[in-house]
>>> print(open('query07.tsv').read())   # TSV, N, CA and C atoms
chain	number	residue	atom	x	y	z
U	62	MET	N	61.57	280.33	130.62
U	62	MET	CA	61.96	280.47	129.23
U	62	MET	C	60.96	281.38	128.53
U	63	ILE	N	61.49	282.18	127.65
U	63	ILE	CA	60.67	283.11	126.88
U	63	ILE	C	60.70	282.68	125.42
U	64	GLU	N	59.53	282.44	124.86
U	64	GLU	CA	59.45	282.07	123.45
U	64	GLU	C	59.58	283.32	122.58
U	65	ILE	N	60.40	283.22	121.54
U	65	ILE	CA	60.63	284.34	120.64
U	65	ILE	C	60.00	284.01	119.29
U	66	PRO	N	59.00	284.78	118.87
U	66	PRO	CA	58.39	284.53	117.55
U	66	PRO	C	59.41	284.82	116.45
U	67	PRO	N	59.61	283.89	115.52
U	67	PRO	CA	60.62	284.09	114.47
U	67	PRO	C	60.34	285.29	113.58
U	68	ASN	N	59.06	285.65	113.40
U	68	ASN	CA	58.74	286.79	112.55
U	68	ASN	C	59.09	288.12	113.20
U	69	LYS	N	59.49	288.11	114.47
U	69	LYS	CA	59.91	289.33	115.17
U	69	LYS	C	61.43	289.55	115.05
U	70	LEU	N	62.12	288.60	114.42
U	70	LEU	CA	63.58	288.68	114.28
U	70	LEU	C	63.96	289.07	112.86
U	71	ALA	N	65.00	289.87	112.74
U	71	ALA	CA	65.56	290.16	111.42
U	71	ALA	C	66.11	288.85	110.86
U	72	ASP	N	66.07	288.69	109.54
U	72	ASP	CA	66.50	287.44	108.91
U	72	ASP	C	67.92	287.04	109.30
U	73	GLU	N	68.83	288.02	109.34
U	73	GLU	CA	70.22	287.69	109.67
U	73	GLU	C	70.36	287.21	111.12
U	74	ILE	N	69.51	287.71	112.02
U	74	ILE	CA	69.53	287.27	113.41
U	74	ILE	C	69.00	285.84	113.51
U	75	LEU	N	67.91	285.56	112.79
U	75	LEU	CA	67.35	284.21	112.78
U	75	LEU	C	68.38	283.20	112.27
U	76	VAL	N	69.03	283.52	111.16
U	76	VAL	CA	70.05	282.63	110.61
U	76	VAL	C	71.20	282.45	111.59
U	77	SER	N	71.61	283.51	112.27
U	77	SER	CA	72.69	283.41	113.25
U	77	SER	C	72.32	282.49	114.41
U	78	ILE	N	71.08	282.57	114.88
U	78	ILE	CA	70.62	281.70	115.97
U	78	ILE	C	70.64	280.25	115.51
U	79	ILE	N	70.13	279.99	114.31
U	79	ILE	CA	70.10	278.63	113.77
U	79	ILE	C	71.53	278.10	113.60
U	80	GLU	N	72.39	278.90	113.00
U	80	GLU	CA	73.77	278.50	112.74
U	80	GLU	C	74.51	278.21	114.05
U	81	GLU	N	74.32	279.05	115.04
U	81	GLU	CA	74.98	278.85	116.33
U	81	GLU	C	74.49	277.55	116.97
U	82	PHE	N	73.20	277.27	116.89
U	82	PHE	CA	72.65	276.04	117.43
U	82	PHE	C	73.25	274.82	116.74
U	83	ILE	N	73.31	274.85	115.41
U	83	ILE	CA	73.86	273.73	114.64
U	83	ILE	C	75.31	273.50	115.02
U	84	ASN	N	76.09	274.56	115.10
U	84	ASN	CA	77.51	274.42	115.44
U	84	ASN	C	77.71	273.95	116.88
U	85	ARG	N	76.86	274.41	117.78
U	85	ARG	CA	76.97	274.03	119.19
U	85	ARG	C	76.58	272.58	119.41
U	86	GLU	N	75.50	272.17	118.80
U	86	GLU	CA	74.99	270.81	119.00
U	86	GLU	C	75.82	269.77	118.28
U	87	GLY	N	76.36	270.13	117.14
U	87	GLY	CA	77.10	269.15	116.35
U	87	GLY	C	76.15	268.08	115.84
U	88	THR	N	76.51	267.48	114.76
U	88	THR	CA	75.66	266.44	114.19
U	88	THR	C	76.53	265.36	113.59
U	89	ASP	N	75.98	264.17	113.56
U	89	ASP	CA	76.67	263.05	112.93
U	89	ASP	C	75.74	262.47	111.88
U	90	TYR	N	76.07	262.70	110.64
U	90	TYR	CA	75.22	262.24	109.55
U	90	TYR	C	75.76	260.96	108.92
U	91	GLY	N	76.71	260.32	109.58
U	91	GLY	CA	77.26	259.08	109.04
U	91	GLY	C	78.18	259.36	107.88
U	92	LYS	N	78.04	258.57	106.83
U	92	LYS	CA	78.92	258.67	105.67
U	92	LYS	C	78.64	259.89	104.80
U	93	LYS	N	77.44	260.43	104.89
U	93	LYS	CA	77.05	261.54	104.03
U	93	LYS	C	77.11	262.85	104.81
U	94	GLU	N	77.91	263.77	104.34
U	94	GLU	CA	78.03	265.10	104.95
U	94	GLU	C	76.87	265.97	104.48
U	95	VAL	N	76.26	266.71	105.41
U	95	VAL	CA	75.17	267.62	105.06
U	95	VAL	C	75.71	269.04	105.22
U	96	LYS	N	75.63	269.80	104.15
U	96	LYS	CA	76.16	271.17	104.15
U	96	LYS	C	75.39	272.05	105.13
U	97	LEU	N	76.09	273.03	105.69
U	97	LEU	CA	75.50	273.95	106.66
U	97	LEU	C	74.28	274.66	106.08
U	98	ASP	N	74.36	275.09	104.83
U	98	ASP	CA	73.22	275.79	104.21
U	98	ASP	C	71.97	274.91	104.19
U	99	ALA	N	72.15	273.63	103.91
U	99	ALA	CA	71.01	272.70	103.89
U	99	ALA	C	70.44	272.52	105.29
U	100	GLN	N	71.31	272.45	106.29
U	100	GLN	CA	70.86	272.32	107.67
U	100	GLN	C	70.09	273.56	108.11
U	101	ILE	N	70.58	274.73	107.75
U	101	ILE	CA	69.91	275.99	108.09
U	101	ILE	C	68.54	276.04	107.44
U	102	LYS	N	68.47	275.68	106.16
U	102	LYS	CA	67.20	275.70	105.44
U	102	LYS	C	66.18	274.76	106.10
U	103	LYS	N	66.62	273.57	106.47
U	103	LYS	CA	65.73	272.59	107.11
U	103	LYS	C	65.25	273.10	108.47
U	104	ALA	N	66.16	273.66	109.26
U	104	ALA	CA	65.79	274.19	110.57
U	104	ALA	C	64.84	275.37	110.44
U	105	ARG	N	65.09	276.25	109.49
U	105	ARG	CA	64.22	277.41	109.28
U	105	ARG	C	62.81	276.96	108.92
U	106	LEU	N	62.69	275.95	108.08
U	106	LEU	CA	61.39	275.42	107.71
U	106	LEU	C	60.64	274.90	108.94
U	107	LYS	N	61.33	274.16	109.80
U	107	LYS	CA	60.71	273.63	111.02
U	107	LYS	C	60.28	274.76	111.96
U	108	ILE	N	61.08	275.81	112.02
U	108	ILE	CA	60.73	276.96	112.86
U	108	ILE	C	59.50	277.66	112.31
U	109	MET	N	59.46	277.89	111.01
U	109	MET	CA	58.35	278.60	110.40
U	109	MET	C	57.05	277.79	110.47
U	110	ARG	N	57.17	276.45	110.45
U	110	ARG	CA	55.98	275.59	110.60
U	110	ARG	C	55.51	275.53	112.05
U	111	GLY	N	56.39	275.93	112.98
U	111	GLY	CA	56.03	275.88	114.39
U	111	GLY	C	56.41	274.59	115.07
U	112	ASP	N	57.11	273.70	114.36
U	112	ASP	CA	57.55	272.43	114.95
U	112	ASP	C	58.70	272.65	115.94
U	113	VAL	N	59.52	273.65	115.64
U	113	VAL	CA	60.66	274.01	116.49
U	113	VAL	C	60.47	275.45	116.93
U	114	LEU	N	60.75	275.71	118.21
U	114	LEU	CA	60.57	277.04	118.78
U	114	LEU	C	61.91	277.66	119.14
U	115	ILE	N	61.96	278.98	119.09
U	115	ILE	CA	63.14	279.72	119.55
U	115	ILE	C	62.82	280.20	120.96
U	116	VAL	N	63.68	279.87	121.90
U	116	VAL	CA	63.45	280.29	123.29
U	116	VAL	C	64.69	280.99	123.83
U	117	PHE	N	64.44	281.91	124.74
U	117	PHE	CA	65.52	282.61	125.44
U	117	PHE	C	65.43	282.26	126.91
U	118	ASP	N	66.57	281.86	127.47
U	118	ASP	CA	66.64	281.51	128.89
U	118	ASP	C	67.33	282.66	129.61
U	119	PRO	N	66.59	283.44	130.42
U	119	PRO	CA	67.19	284.57	131.12
U	119	PRO	C	68.29	284.16	132.11
U	120	LYS	N	68.19	282.95	132.67
U	120	LYS	CA	69.21	282.50	133.62
U	120	LYS	C	70.57	282.32	132.96
U	121	THR	N	70.57	281.71	131.77
U	121	THR	CA	71.84	281.48	131.07
U	121	THR	C	72.12	282.56	130.03
U	122	GLU	N	71.13	283.45	129.82
U	122	GLU	CA	71.23	284.51	128.82
U	122	GLU	C	71.59	283.95	127.45
U	123	SER	N	70.87	282.88	127.05
U	123	SER	CA	71.16	282.25	125.77
U	123	SER	C	69.87	281.84	125.07
U	124	CYS	N	69.97	281.75	123.75
U	124	CYS	CA	68.86	281.27	122.93
U	124	CYS	C	69.07	279.80	122.62
U	125	ASN	N	67.96	279.11	122.40
U	125	ASN	CA	68.03	277.72	122.05
U	125	ASN	C	66.87	277.39	121.13
U	126	LEU	N	67.00	276.30	120.40
U	126	LEU	CA	65.93	275.79	119.58
U	126	LEU	C	65.44	274.51	120.24
U	127	ILE	N	64.13	274.44	120.46
U	127	ILE	CA	63.56	273.24	121.08
U	127	ILE	C	62.23	272.90	120.41
U	128	THR	N	61.81	271.66	120.56
U	128	THR	CA	60.53	271.26	120.01
U	128	THR	C	59.42	271.70	120.95
U	129	LYS	N	58.20	271.70	120.44
U	129	LYS	CA	57.05	272.03	121.28
U	129	LYS	C	56.96	271.07	122.46
U	130	GLU	N	57.24	269.79	122.21
U	130	GLU	CA	57.16	268.78	123.26
U	130	GLU	C	58.18	269.06	124.37
U	131	GLU	N	59.39	269.46	123.97
U	131	GLU	CA	60.41	269.80	124.98
U	131	GLU	C	59.97	270.97	125.84
U	132	LEU	N	59.37	271.98	125.21
U	132	LEU	CA	58.91	273.15	125.97
U	132	LEU	C	57.80	272.74	126.93
U	133	SER	N	56.89	271.89	126.50
U	133	SER	CA	55.82	271.41	127.38
U	133	SER	C	56.39	270.67	128.58
U	134	SER	N	57.41	269.85	128.35
U	134	SER	CA	58.05	269.12	129.45
U	134	SER	C	58.71	270.06	130.43
U	135	ILE	N	59.35	271.09	129.93
U	135	ILE	CA	60.03	272.07	130.78
U	135	ILE	C	59.01	272.82	131.62
U	136	LYS	N	57.90	273.19	131.03
U	136	LYS	CA	56.87	273.96	131.74
U	136	LYS	C	56.21	273.13	132.84
U	137	LYS	N	56.19	271.81	132.70
U	137	LYS	CA	55.58	270.94	133.70
U	137	LYS	C	56.43	270.83	134.96
U	138	ILE	N	57.71	271.08	134.82
U	138	ILE	CA	58.63	270.94	135.97
U	138	ILE	C	58.47	272.07	136.94
>>> encode(input="query07.tsv", output="structure tokens")
Amino acid sequence: MIEIPPNKLADEILVSIIEEFINREGTDYGKKEVKLDAQIKKARLKIMRGDVLIVFDPKTESCNLITKEELSSIKKI
């Protein structure tokens, strides 16, 4: 996996990666619906803080958002 620094991406590309991840993963917020814009804003904040990383997998040719802990687990394998 290759980590992609968010500051190396154009804003529209970053938003597209976040939006695609949200739509792919799906979410269940119970009785309260959370708007896509709010989800994107929250994810962007986590990415900019470094809590969530953008990674590219050359085998699947896809980007994903993962936590630092998930990346550490993957690297140990």
>>> closest_atom_pairs(input="query07.tsv", of="stretch 78-113 of chain U", to="stretch 117-137 of chain U", cutoff="8 Å", atoms="only N, CA and C atoms", output="CSV")
residue,atom,partner,partner_atom,distance
U:Ile78,CA,U:Cys124,C,7.1
U:Ile79,CA,U:Leu126,N,7.7
U:Phe82,CA,U:Leu126,N,6.4
U:Gly111,C,U:Lys129,N,6.4
U:Asp112,C,U:Lys129,N,4.6
U:Val113,CA,U:Ile127,C,4.4
>>> residues_around(input="query07.tsv", residues="U:Glu64", least_positions_apart="3", cutoff="7 Å", atoms="all atoms listed in the file", output="ChimeraX atom specification")
/U:114-117
>>> atom_distance(input="query07.tsv", atom1="atom N of U:Lys69", atom2="atom C of U:Glu81")
18.5 Å
>>> atom_distance(input="query07.tsv", atom1="atom N of U:Asn68", atom2="atom C of U:Ile83")
20.4 Å
>>> atom_distance(input="query07.tsv", atom1="atom CA of U:Glu80", atom2="atom CA of U:Ile63")
19.8 Å
